[in-house]
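For reference, run.cif is printed below; it contains mmCIF, C-alpha atoms, pLDDT in the B column; chains and numbers go by the auth columns.
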data_model
#
loop_
_atom_site.group_PDB
_atom_site.id
_atom_site.type_symbol
_atom_site.label_atom_id
_atom_site.label_comp_id
_atom_site.label_asym_id
_atom_site.label_seq_id
_atom_site.Cartn_x
_atom_site.Cartn_y
_atom_site.Cartn_z
_atom_site.B_iso_or_equiv
_atom_site.auth_seq_id
_atom_site.auth_asym_id
ATOM 1 C CA MET A 1 5.406 33.550 -6.820 71.00 3 A
ATOM 2 C CA LEU A 2 8.707 34.003 -8.700 76.00 4 A
ATOM 3 C CA ALA A 3 10.150 35.887 -5.740 74.00 5 A
ATOM 4 C CA LEU A 4 9.259 32.992 -3.434 76.00 6 A
ATOM 5 C CA LEU A 5 10.665 30.504 -5.953 82.00 7 A
ATOM 6 C CA ASN A 6 13.942 32.415 -6.060 81.00 8 A
ATOM 7 C CA LYS A 7 13.990 32.594 -2.256 78.00 9 A
ATOM 8 C CA GLU A 8 13.542 28.816 -1.983 75.00 10 A
ATOM 9 C CA LEU A 9 16.296 28.145 -4.516 78.00 11 A
ATOM 10 C CA SER A 10 18.546 30.619 -2.727 80.00 12 A
ATOM 11 C CA ASN A 11 17.936 28.774 0.549 76.00 13 A
ATOM 12 C CA PHE A 12 18.984 25.496 -1.073 78.00 14 A
ATOM 13 C CA PHE A 13 22.214 26.827 -2.523 77.00 15 A
ATOM 14 C CA SER A 14 23.148 29.334 0.175 79.00 16 A
ATOM 15 C CA SER A 15 23.446 26.360 2.519 78.00 17 A
ATOM 16 C CA ILE A 16 25.072 23.009 1.842 83.00 18 A
ATOM 17 C CA ILE A 17 21.752 21.205 1.271 79.00 19 A
ATOM 18 C CA GLY A 18 21.518 21.650 -2.493 78.00 20 A
ATOM 19 C CA TYR A 19 25.118 20.627 -3.090 85.00 21 A
ATOM 20 C CA ILE A 20 24.848 17.572 -0.838 87.00 22 A
ATOM 21 C CA VAL A 21 21.734 16.350 -2.667 84.00 23 A
ATOM 22 C CA ILE A 22 23.404 16.644 -6.077 88.00 24 A
ATOM 23 C CA ILE A 23 26.688 15.075 -4.931 91.00 25 A
ATOM 24 C CA ILE A 24 25.014 12.130 -3.157 90.00 26 A
ATOM 25 C CA PHE A 25 22.793 11.329 -6.139 90.00 27 A
ATOM 26 C CA LEU A 26 25.643 11.486 -8.655 91.00 28 A
ATOM 27 C CA LEU A 27 28.038 9.591 -6.374 92.00 29 A
ATOM 28 C CA ILE A 28 25.650 6.697 -5.729 90.00 30 A
ATOM 29 C CA THR A 29 24.613 6.309 -9.375 89.00 31 A
ATOM 30 C CA SER A 30 28.197 6.648 -10.635 88.00 32 A
ATOM 31 C CA LEU A 31 29.535 4.007 -8.243 87.00 33 A
ATOM 32 C CA PHE A 32 26.829 1.487 -9.133 84.00 34 A
ATOM 33 C CA LEU A 33 27.078 2.116 -12.879 83.00 35 A
ATOM 34 C CA TRP A 34 30.838 2.354 -13.298 77.00 36 A
ATOM 35 C CA ALA A 35 32.708 1.070 -10.229 78.00 37 A
ATOM 36 C CA PHE A 36 30.925 -1.581 -8.143 78.00 38 A
ATOM 37 C CA PRO A 37 30.862 -5.123 -9.602 76.00 39 A
ATOM 38 C CA ASN A 38 27.124 -5.727 -9.969 71.00 40 A
ATOM 39 C CA ASP A 39 24.436 -6.329 -12.586 72.00 41 A
ATOM 40 C CA PHE A 40 24.105 -2.567 -13.131 71.00 42 A
ATOM 41 C CA ASN A 41 27.771 -2.012 -14.021 74.00 43 A
ATOM 42 C CA ILE A 42 27.900 -0.724 -17.610 74.00 44 A
ATOM 43 C CA LEU A 43 31.454 -1.890 -18.347 71.00 45 A
ATOM 44 C CA ASN A 44 30.919 -5.399 -16.945 71.00 46 A
ATOM 45 C CA PHE A 45 27.498 -5.934 -18.467 65.00 47 A
ATOM 46 C CA GLY A 46 28.816 -5.747 -22.017 61.00 48 A
ATOM 47 C CA TYR A 47 25.791 -4.040 -23.565 63.00 49 A
ATOM 48 C CA ALA A 48 25.359 -0.415 -24.650 60.00 50 A
ATOM 49 C CA GLN A 49 22.667 0.585 -22.173 75.00 51 A
ATOM 50 C CA ILE A 50 22.203 2.601 -18.982 81.00 52 A
ATOM 51 C CA ASP A 51 19.115 0.804 -17.691 82.00 53 A
ATOM 52 C CA GLY A 52 20.795 0.503 -14.311 84.00 54 A
ATOM 53 C CA LEU A 53 20.459 4.258 -13.784 87.00 55 A
ATOM 54 C CA PHE A 54 16.685 4.066 -14.066 89.00 56 A
ATOM 55 C CA LEU A 55 16.525 1.078 -11.730 88.00 57 A
ATOM 56 C CA ILE A 56 18.724 2.655 -9.049 90.00 58 A
ATOM 57 C CA ALA A 57 17.556 6.295 -9.212 92.00 59 A
ATOM 58 C CA PRO A 58 13.962 5.726 -7.955 93.00 60 A
ATOM 59 C CA TYR A 59 15.234 4.116 -4.751 93.00 61 A
ATOM 60 C CA VAL A 60 17.753 6.918 -4.235 93.00 62 A
ATOM 61 C CA PHE A 61 14.958 9.459 -4.812 94.00 63 A
ATOM 62 C CA LEU A 62 12.782 7.590 -2.316 93.00 64 A
ATOM 63 C CA PHE A 63 15.010 8.899 0.482 93.00 65 A
ATOM 64 C CA LEU A 64 16.724 11.886 -1.096 92.00 66 A
ATOM 65 C CA ILE A 65 13.607 13.799 -2.190 94.00 67 A
ATOM 66 C CA PRO A 66 11.859 13.539 1.219 93.00 68 A
ATOM 67 C CA ALA A 67 15.142 14.773 2.724 90.00 69 A
ATOM 68 C CA ILE A 68 15.053 17.996 0.670 90.00 70 A
ATOM 69 C CA SER A 69 11.284 18.559 0.767 89.00 71 A
ATOM 70 C CA MET A 70 10.791 17.861 4.491 88.00 72 A
ATOM 71 C CA ARG A 71 11.774 21.413 5.422 83.00 73 A
ATOM 72 C CA SER A 72 9.451 23.119 2.901 82.00 74 A
ATOM 73 C CA PHE A 73 6.576 23.751 5.309 85.00 75 A
ATOM 74 C CA ALA A 74 7.788 22.039 8.491 81.00 76 A
ATOM 75 C CA ASP A 75 10.478 24.682 8.918 73.00 77 A
ATOM 76 C CA GLU A 76 7.911 27.437 8.356 72.00 78 A
ATOM 77 C CA ASN A 77 5.587 25.819 10.898 73.00 79 A
ATOM 78 C CA LYS A 78 8.344 25.489 13.486 72.00 80 A
ATOM 79 C CA SER A 79 9.606 29.062 13.145 69.00 81 A
ATOM 80 C CA GLY A 80 6.078 30.522 12.970 64.00 82 A
ATOM 81 C CA THR A 81 6.718 32.206 9.600 67.00 83 A
ATOM 82 C CA ILE A 82 3.949 30.175 7.966 66.00 84 A
ATOM 83 C CA GLU A 83 1.327 32.629 9.282 63.00 85 A
ATOM 84 C CA ILE A 84 3.241 35.553 7.778 66.00 86 A
ATOM 85 C CA LEU A 85 3.629 33.691 4.483 68.00 87 A
ATOM 86 C CA LEU A 86 -0.068 32.806 4.267 65.00 88 A
ATOM 87 C CA THR A 87 -1.121 36.420 4.898 67.00 89 A
ATOM 88 C CA LYS A 88 0.942 37.765 2.000 68.00 90 A
ATOM 89 C CA PRO A 89 -0.880 38.723 -1.250 70.00 91 A
ATOM 90 C CA ILE A 90 -0.184 35.338 -2.826 77.00 92 A
ATOM 91 C CA SER A 91 -2.537 32.371 -2.996 82.00 93 A
ATOM 92 C CA ASP A 92 -1.907 29.100 -1.175 81.00 94 A
ATOM 93 C CA LEU A 93 -1.536 27.339 -4.525 87.00 95 A
ATOM 94 C CA ASN A 94 1.130 29.806 -5.666 86.00 96 A
ATOM 95 C CA ILE A 95 3.044 29.203 -2.433 88.00 97 A
ATOM 96 C CA ILE A 96 2.851 25.451 -3.000 91.00 98 A
ATOM 97 C CA PHE A 97 3.855 25.743 -6.664 92.00 99 A
ATOM 98 C CA ALA A 98 6.821 27.962 -5.754 90.00 100 A
ATOM 99 C CA LYS A 99 8.105 25.388 -3.275 91.00 101 A
ATOM 100 C CA PHE A 100 7.327 22.563 -5.696 95.00 102 A
ATOM 101 C CA GLY A 101 9.171 24.403 -8.478 94.00 103 A
ATOM 102 C CA ALA A 102 12.260 24.996 -6.338 92.00 104 A
ATOM 103 C CA ASN A 103 12.441 21.320 -5.377 93.00 105 A
ATOM 104 C CA PHE A 104 11.898 20.246 -8.987 95.00 106 A
ATOM 105 C CA ILE A 105 14.640 22.559 -10.296 93.00 107 A
ATOM 106 C CA LEU A 106 17.051 21.083 -7.744 91.00 108 A
ATOM 107 C CA LEU A 107 16.028 17.604 -8.916 92.00 109 A
ATOM 108 C CA LEU A 108 16.579 18.636 -12.545 93.00 110 A
ATOM 109 C CA ILE A 109 20.040 20.017 -11.746 92.00 111 A
ATOM 110 C CA ALA A 110 20.920 16.665 -10.121 91.00 112 A
ATOM 111 C CA ILE A 111 19.687 14.647 -13.126 93.00 113 A
ATOM 112 C CA ILE A 112 21.224 16.690 -15.965 94.00 114 A
ATOM 113 C CA PRO A 113 24.852 15.569 -15.280 93.00 115 A
ATOM 114 C CA THR A 114 23.764 11.926 -15.726 92.00 116 A
ATOM 115 C CA LEU A 115 23.423 12.672 -19.445 92.00 117 A
ATOM 116 C CA THR A 116 27.189 12.148 -19.507 90.00 118 A
ATOM 117 C CA TYR A 117 26.445 8.450 -18.850 87.00 119 A
ATOM 118 C CA TYR A 118 24.296 8.355 -21.984 88.00 120 A
ATOM 119 C CA PHE A 119 26.868 10.100 -24.184 88.00 121 A
ATOM 120 C CA SER A 120 29.675 7.928 -22.785 85.00 122 A
ATOM 121 C CA VAL A 121 27.803 4.734 -23.664 83.00 123 A
ATOM 122 C CA TYR A 122 26.748 6.252 -26.999 82.00 124 A
ATOM 123 C CA TYR A 123 30.387 6.718 -28.033 83.00 125 A
ATOM 124 C CA LEU A 124 31.692 3.559 -26.329 77.00 126 A
ATOM 125 C CA GLY A 125 29.150 1.409 -28.158 70.00 127 A
ATOM 126 C CA PHE A 126 30.101 -0.669 -31.173 69.00 128 A
ATOM 127 C CA PRO A 127 29.169 0.687 -33.593 76.00 129 A
ATOM 128 C CA VAL A 128 29.034 4.233 -32.228 74.00 130 A
ATOM 129 C CA GLY A 129 25.455 5.131 -31.362 69.00 131 A
ATOM 130 C CA ASN A 130 24.447 1.540 -30.649 72.00 132 A
ATOM 131 C CA ILE A 131 22.060 2.463 -27.829 80.00 133 A
ATOM 132 C CA ASP A 132 18.291 2.646 -27.593 80.00 134 A
ATOM 133 C CA SER A 133 18.029 6.454 -27.431 81.00 135 A
ATOM 134 C CA GLY A 134 14.223 6.385 -27.456 81.00 136 A
ATOM 135 C CA GLY A 135 14.139 4.095 -24.438 82.00 137 A
ATOM 136 C CA VAL A 136 16.719 6.229 -22.617 87.00 138 A
ATOM 137 C CA PHE A 137 14.855 9.495 -23.076 87.00 139 A
ATOM 138 C CA GLY A 138 11.542 7.821 -22.265 87.00 140 A
ATOM 139 C CA SER A 139 13.161 6.652 -19.039 90.00 141 A
ATOM 140 C CA TYR A 140 14.357 10.197 -18.298 92.00 142 A
ATOM 141 C CA ILE A 141 10.809 11.486 -18.736 92.00 143 A
ATOM 142 C CA GLY A 142 9.546 8.765 -16.397 92.00 144 A
ATOM 143 C CA LEU A 143 12.249 9.650 -13.872 93.00 145 A
ATOM 144 C CA LEU A 144 11.253 13.322 -13.897 94.00 146 A
ATOM 145 C CA PHE A 145 7.591 12.444 -13.399 95.00 147 A
ATOM 146 C CA LEU A 146 8.519 10.051 -10.593 95.00 148 A
ATOM 147 C CA GLY A 147 10.587 12.757 -8.909 95.00 149 A
ATOM 148 C CA ALA A 148 7.737 15.243 -9.280 96.00 150 A
ATOM 149 C CA VAL A 149 5.340 12.809 -7.578 96.00 151 A
ATOM 150 C CA PHE A 150 7.770 12.302 -4.682 96.00 152 A
ATOM 151 C CA ILE A 151 8.146 16.086 -4.339 96.00 153 A
ATOM 152 C CA SER A 152 4.367 16.589 -4.160 96.00 154 A
ATOM 153 C CA ILE A 153 4.169 13.867 -1.492 96.00 155 A
ATOM 154 C CA GLY A 154 7.060 15.467 0.400 95.00 156 A
ATOM 155 C CA LEU A 155 5.324 18.862 0.402 95.00 157 A
ATOM 156 C CA PHE A 156 2.136 17.292 1.737 95.00 158 A
ATOM 157 C CA ALA A 157 4.036 15.475 4.499 94.00 159 A
ATOM 158 C CA SER A 158 5.883 18.687 5.381 92.00 160 A
ATOM 159 C CA SER A 159 2.619 20.620 5.659 90.00 161 A
ATOM 160 C CA LEU A 160 1.322 18.211 8.316 91.00 162 A
ATOM 161 C CA THR A 161 3.943 18.846 10.990 88.00 163 A
ATOM 162 C CA SER A 162 6.542 21.236 12.350 86.00 164 A
ATOM 163 C CA ASN A 163 9.028 18.387 12.843 89.00 165 A
ATOM 164 C CA GLN A 164 11.244 17.777 9.814 89.00 166 A
ATOM 165 C CA ILE A 165 12.102 14.207 10.864 92.00 167 A
ATOM 166 C CA VAL A 166 8.422 13.319 11.156 93.00 168 A
ATOM 167 C CA ALA A 167 7.804 14.900 7.745 93.00 169 A
ATOM 168 C CA PHE A 168 10.675 12.837 6.306 94.00 170 A
ATOM 169 C CA ILE A 169 9.298 9.568 7.715 95.00 171 A
ATOM 170 C CA ILE A 170 5.766 10.278 6.467 95.00 172 A
ATOM 171 C CA ALA A 171 7.068 11.194 3.016 95.00 173 A
ATOM 172 C CA VAL A 172 9.250 8.071 2.741 95.00 174 A
ATOM 173 C CA PHE A 173 6.374 5.836 3.855 95.00 175 A
ATOM 174 C CA LEU A 174 3.822 7.364 1.465 95.00 176 A
ATOM 175 C CA SER A 175 6.276 7.505 -1.453 94.00 177 A
ATOM 176 C CA GLY A 176 7.414 3.932 -0.871 93.00 178 A
ATOM 177 C CA PHE A 177 3.869 2.610 -0.637 92.00 179 A
ATOM 178 C CA ILE A 178 2.688 4.385 -3.787 92.00 180 A
ATOM 179 C CA PHE A 179 5.846 3.370 -5.655 91.00 181 A
ATOM 180 C CA ILE A 180 6.057 -0.356 -4.842 86.00 182 A
ATOM 181 C CA GLY A 181 3.289 -1.053 -2.303 83.00 183 A
ATOM 182 C CA PHE A 182 0.613 -1.681 -4.921 77.00 184 A
ATOM 183 C CA GLU A 183 3.076 -3.895 -6.815 78.00 185 A
ATOM 184 C CA PHE A 184 3.478 -6.098 -3.739 77.00 186 A
ATOM 185 C CA ILE A 185 -0.299 -6.326 -3.323 76.00 187 A
ATOM 186 C CA TYR A 186 -0.606 -7.281 -6.990 74.00 188 A
ATOM 187 C CA GLN A 187 1.955 -10.070 -6.593 73.00 189 A
ATOM 188 C CA ILE A 188 -0.119 -11.648 -3.806 72.00 190 A
ATOM 189 C CA SER A 189 -2.469 -12.492 -6.711 61.00 191 A
ATOM 190 C CA TRP A 190 -5.381 -13.769 -4.576 64.00 192 A
ATOM 191 C CA LEU A 191 -7.438 -10.766 -5.638 61.00 193 A
ATOM 192 C CA GLY A 192 -8.101 -12.207 -9.086 63.00 194 A
ATOM 193 C CA ASN A 193 -8.944 -9.761 -11.863 65.00 195 A
ATOM 194 C CA ALA A 194 -9.024 -6.888 -9.364 66.00 196 A
ATOM 195 C CA SER A 195 -5.275 -7.304 -8.869 69.00 197 A
ATOM 196 C CA LEU A 196 -4.614 -5.673 -12.260 71.00 198 A
ATOM 197 C CA VAL A 197 -6.564 -2.622 -11.122 75.00 199 A
ATOM 198 C CA ILE A 198 -4.546 -2.563 -7.892 77.00 200 A
ATOM 199 C CA LYS A 199 -1.315 -2.752 -9.897 77.00 201 A
ATOM 200 C CA SER A 200 -2.339 0.192 -12.093 81.00 202 A
ATOM 201 C CA LEU A 201 -2.779 2.361 -8.986 84.00 203 A
ATOM 202 C CA GLY A 202 0.955 2.188 -8.231 87.00 204 A
ATOM 203 C CA ILE A 203 3.708 4.329 -9.702 90.00 205 A
ATOM 204 C CA TYR A 204 5.916 1.339 -10.548 88.00 206 A
ATOM 205 C CA ASP A 205 3.587 0.053 -13.276 85.00 207 A
ATOM 206 C CA HIS A 206 3.410 3.424 -15.035 89.00 208 A
ATOM 207 C CA TYR A 207 7.105 4.181 -14.509 90.00 209 A
ATOM 208 C CA THR A 208 8.199 0.916 -16.137 87.00 210 A
ATOM 209 C CA SER A 209 5.692 1.485 -18.938 86.00 211 A
ATOM 210 C CA ILE A 210 6.982 4.953 -19.852 86.00 212 A
ATOM 211 C CA SER A 211 10.592 3.758 -19.465 80.00 213 A
ATOM 212 C CA ARG A 212 10.161 1.542 -22.526 77.00 214 A
ATOM 213 C CA GLY A 213 10.298 4.676 -24.634 73.00 215 A
ATOM 214 C CA VAL A 214 6.601 4.733 -25.531 76.00 216 A
ATOM 215 C CA ILE A 215 4.894 7.837 -24.178 79.00 217 A
ATOM 216 C CA ASP A 216 1.382 6.662 -23.330 83.00 218 A
ATOM 217 C CA THR A 217 -1.229 9.320 -22.531 89.00 219 A
ATOM 218 C CA ARG A 218 -2.581 7.128 -19.732 89.00 220 A
ATOM 219 C CA ASP A 219 0.797 7.156 -17.976 90.00 221 A
ATOM 220 C CA ILE A 220 1.125 10.938 -18.332 93.00 222 A
ATOM 221 C CA LEU A 221 -2.399 11.462 -16.975 94.00 223 A
ATOM 222 C CA TYR A 222 -1.666 9.115 -14.080 93.00 224 A
ATOM 223 C CA PHE A 223 1.428 11.056 -12.997 94.00 225 A
ATOM 224 C CA LEU A 224 -0.310 14.421 -13.394 96.00 226 A
ATOM 225 C CA GLY A 225 -3.290 13.078 -11.429 96.00 227 A
ATOM 226 C CA VAL A 226 -1.174 11.901 -8.481 95.00 228 A
ATOM 227 C CA ILE A 227 0.779 15.177 -8.419 96.00 229 A
ATOM 228 C CA SER A 228 -2.489 17.154 -8.491 96.00 230 A
ATOM 229 C CA LEU A 229 -3.934 14.986 -5.707 96.00 231 A
ATOM 230 C CA PHE A 230 -1.073 15.662 -3.293 96.00 232 A
ATOM 231 C CA ILE A 231 -0.872 19.346 -4.189 95.00 233 A
ATOM 232 C CA SER A 232 -4.609 19.572 -3.417 95.00 234 A
ATOM 233 C CA LEU A 233 -4.086 17.739 -0.122 95.00 235 A
ATOM 234 C CA THR A 234 -1.259 20.141 0.738 94.00 236 A
ATOM 235 C CA LYS A 235 -3.570 23.074 0.010 91.00 237 A
ATOM 236 C CA LEU A 236 -6.243 21.583 2.291 92.00 238 A
ATOM 237 C CA SER A 237 -3.645 21.053 5.001 88.00 239 A
ATOM 238 C CA LEU A 238 -2.581 24.701 4.830 84.00 240 A
ATOM 239 C CA GLN A 239 -6.185 25.920 4.828 82.00 241 A
ATOM 240 C CA SER A 240 -6.985 23.792 7.872 80.00 242 A
ATOM 241 C CA ARG A 241 -4.806 26.124 9.918 62.00 243 A
ATOM 242 C CA ASN A 242 -7.561 28.708 9.622 55.00 244 A
ATOM 243 C CA TRP A 243 -10.367 26.403 10.712 49.00 245 A
#

As a first step, turn the structure in this file into structure tokens.
Amino acid sequence: MLALLNKELSNFFSSIIGYIVIIIFLLITSLFLWAFPNDFNILNFGYAQIDGLFLIAPYVFLFLIPAISMRSFADENKSGTIEILLTKPISDLNIIFAKFGANFILLLIAIIPTLTYYFSVYYLGFPVGNIDSGGVFGSYIGLLFLGAVFISIGLFASSLTSNQIVAFIIAVFLSGFIFIGFEFIYQISWLGNASLVIKSLGIYDHYTSISRGVIDTRDILYFLGVISLFISLTKLSLQSRNW
């Protein structure tokens, strides 16, 4: 499993893919937080906070993560190496976890530099340290869980096809629906009391909850449950090749 994980990471960074992902994410967030005149701009807003990062990042991830995960299995399916991979002395789950781990490490490498935003605001604040550190780190935890969910969805979409573009479209659609689709259904409000249940099925409700800095077990279990669901579906998709 570790050998496959290293191979996947090597593939990311031996090509331009890994670097492009990191640069695009940091460029977009930096421009919105520090350069563009908007409600997210830290210098214009006048308050010691980086909430804009956690509002922008999910929508960047919505397209960026499917773009890096779309090749995970689709490329293997297209080249025919998936059969060789599945016959190696490694379980389907270990293959999935290796690819999941490689994508997650790339995501982590992209997020870590944004800590400079936190430390910049921390020292720019008056007085120094006038920032809700608990809320910031709660938001980082929520962002990592959100990214992990999108990765698991991307792997599932990639396992369904040999076409990377099709995998990308499926992943964006599923990720977008699970992220904000249930929120839209909830806002219709004609469902009565059931609308609250509908809302709780979406990522947005749990992401905003954990971003307040309060780590609720229900939110953690929700994220782990969704990740497990799509990893299980990916495993079923791979096994179906033998049916």

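The coordinates place atom CA of A:Leu95 at 19.8 Å from atom CA of A:Ala173.
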
Extract, using only C-alpha atoms, all DNA, RNA and protein residues at most 12 Å from A:Ser213, discarding same-chain residues fewer than 5 positions from it, and format them as a PDB file with C-alpha atoms, in the coordinates of the input.
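Just written: around-v1.pdb:
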ATOM      1  CA  ILE A  52      22.203   2.601 -18.982  1.00 81.00           C
ATOM      2  CA  ASP A  53      19.115   0.804 -17.691  1.00 82.00           C
ATOM      3  CA  GLY A  54      20.795   0.503 -14.311  1.00 84.00           C
ATOM      4  CA  LEU A  55      20.459   4.258 -13.784  1.00 87.00           C
ATOM      5  CA  PHE A  56      16.685   4.066 -14.066  1.00 89.00           C
ATOM      6  CA  LEU A  57      16.525   1.078 -11.730  1.00 88.00           C
ATOM      7  CA  ASP A 134      18.291   2.646 -27.593  1.00 80.00           C
ATOM      8  CA  SER A 135      18.029   6.454 -27.431  1.00 81.00           C
ATOM      9  CA  GLY A 136      14.223   6.385 -27.456  1.00 81.00           C
ATOM     10  CA  GLY A 137      14.139   4.095 -24.438  1.00 82.00           C
ATOM     11  CA  VAL A 138      16.719   6.229 -22.617  1.00 87.00           C
ATOM     12  CA  PHE A 139      14.855   9.495 -23.076  1.00 87.00           C
ATOM     13  CA  GLY A 140      11.542   7.821 -22.265  1.00 87.00           C
ATOM     14  CA  SER A 141      13.161   6.652 -19.039  1.00 90.00           C
ATOM     15  CA  TYR A 142      14.357  10.197 -18.298  1.00 92.00           C
ATOM     16  CA  ILE A 143      10.809  11.486 -18.736  1.00 92.00           C
ATOM     17  CA  GLY A 144       9.546   8.765 -16.397  1.00 92.00           C
ATOM     18  CA  LEU A 145      12.249   9.650 -13.872  1.00 93.00           C
ATOM     19  CA  LEU A 146      11.253  13.322 -13.897  1.00 94.00           C
ATOM     20  CA  PHE A 147       7.591  12.444 -13.399  1.00 95.00           C
ATOM     21  CA  LEU A 148       8.519  10.051 -10.593  1.00 95.00           C
ATOM     22  CA  ILE A 205       3.708   4.329  -9.702  1.00 90.00           C
ATOM     23  CA  TYR A 206       5.916   1.339 -10.548  1.00 88.00           C
ATOM     24  CA  ASP A 207       3.587   0.053 -13.276  1.00 85.00           C
ATOM     25  CA  HIS A 208       3.410   3.424 -15.035  1.00 89.00           C
ATOM     26  CA  ASP A 218       1.382   6.662 -23.330  1.00 83.00           C
ATOM     27  CA  ASP A 221       0.797   7.156 -17.976  1.00 90.00           C
ATOM     28  CA  ILE A 222       1.125  10.938 -18.332  1.00 93.00           C
TER      29      ILE A 222
END

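The shortest atom-to-atom distance to A:Leu162, with all atoms listed in the file taken into account, belongs to A:Ser239 out of A:Ser239, A:Ser202, A:Ser177, A:Gln189.
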
Residue IDs satisfying the PyMOL selection byres ((chain A and resi 28) around 12), as a ChimeraX atom specification
/A:21-27,29-36,55,58-59,62-63,66,109,111-119

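Shortest separation to A:Gly183 among A:Val168, A:Leu203, A:Ile233, A:Ile98 occurs at residue A:Leu203, atoms counted being all atoms listed in the file.
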
Excluding A:Leu7 and its own-chain neighbours fewer than 2 positions away, which residues fall within 12 Å of it when counting all atoms listed in the file? Please give them as a PyMOL selection string.
chain A and resi 3-5+9-14+74+96-108

When you count all atoms listed in the file, which of these residues is closest to A:Ile18: A:Ile70, A:Ala159, A:Ile133, A:Leu110?
A:Ile70
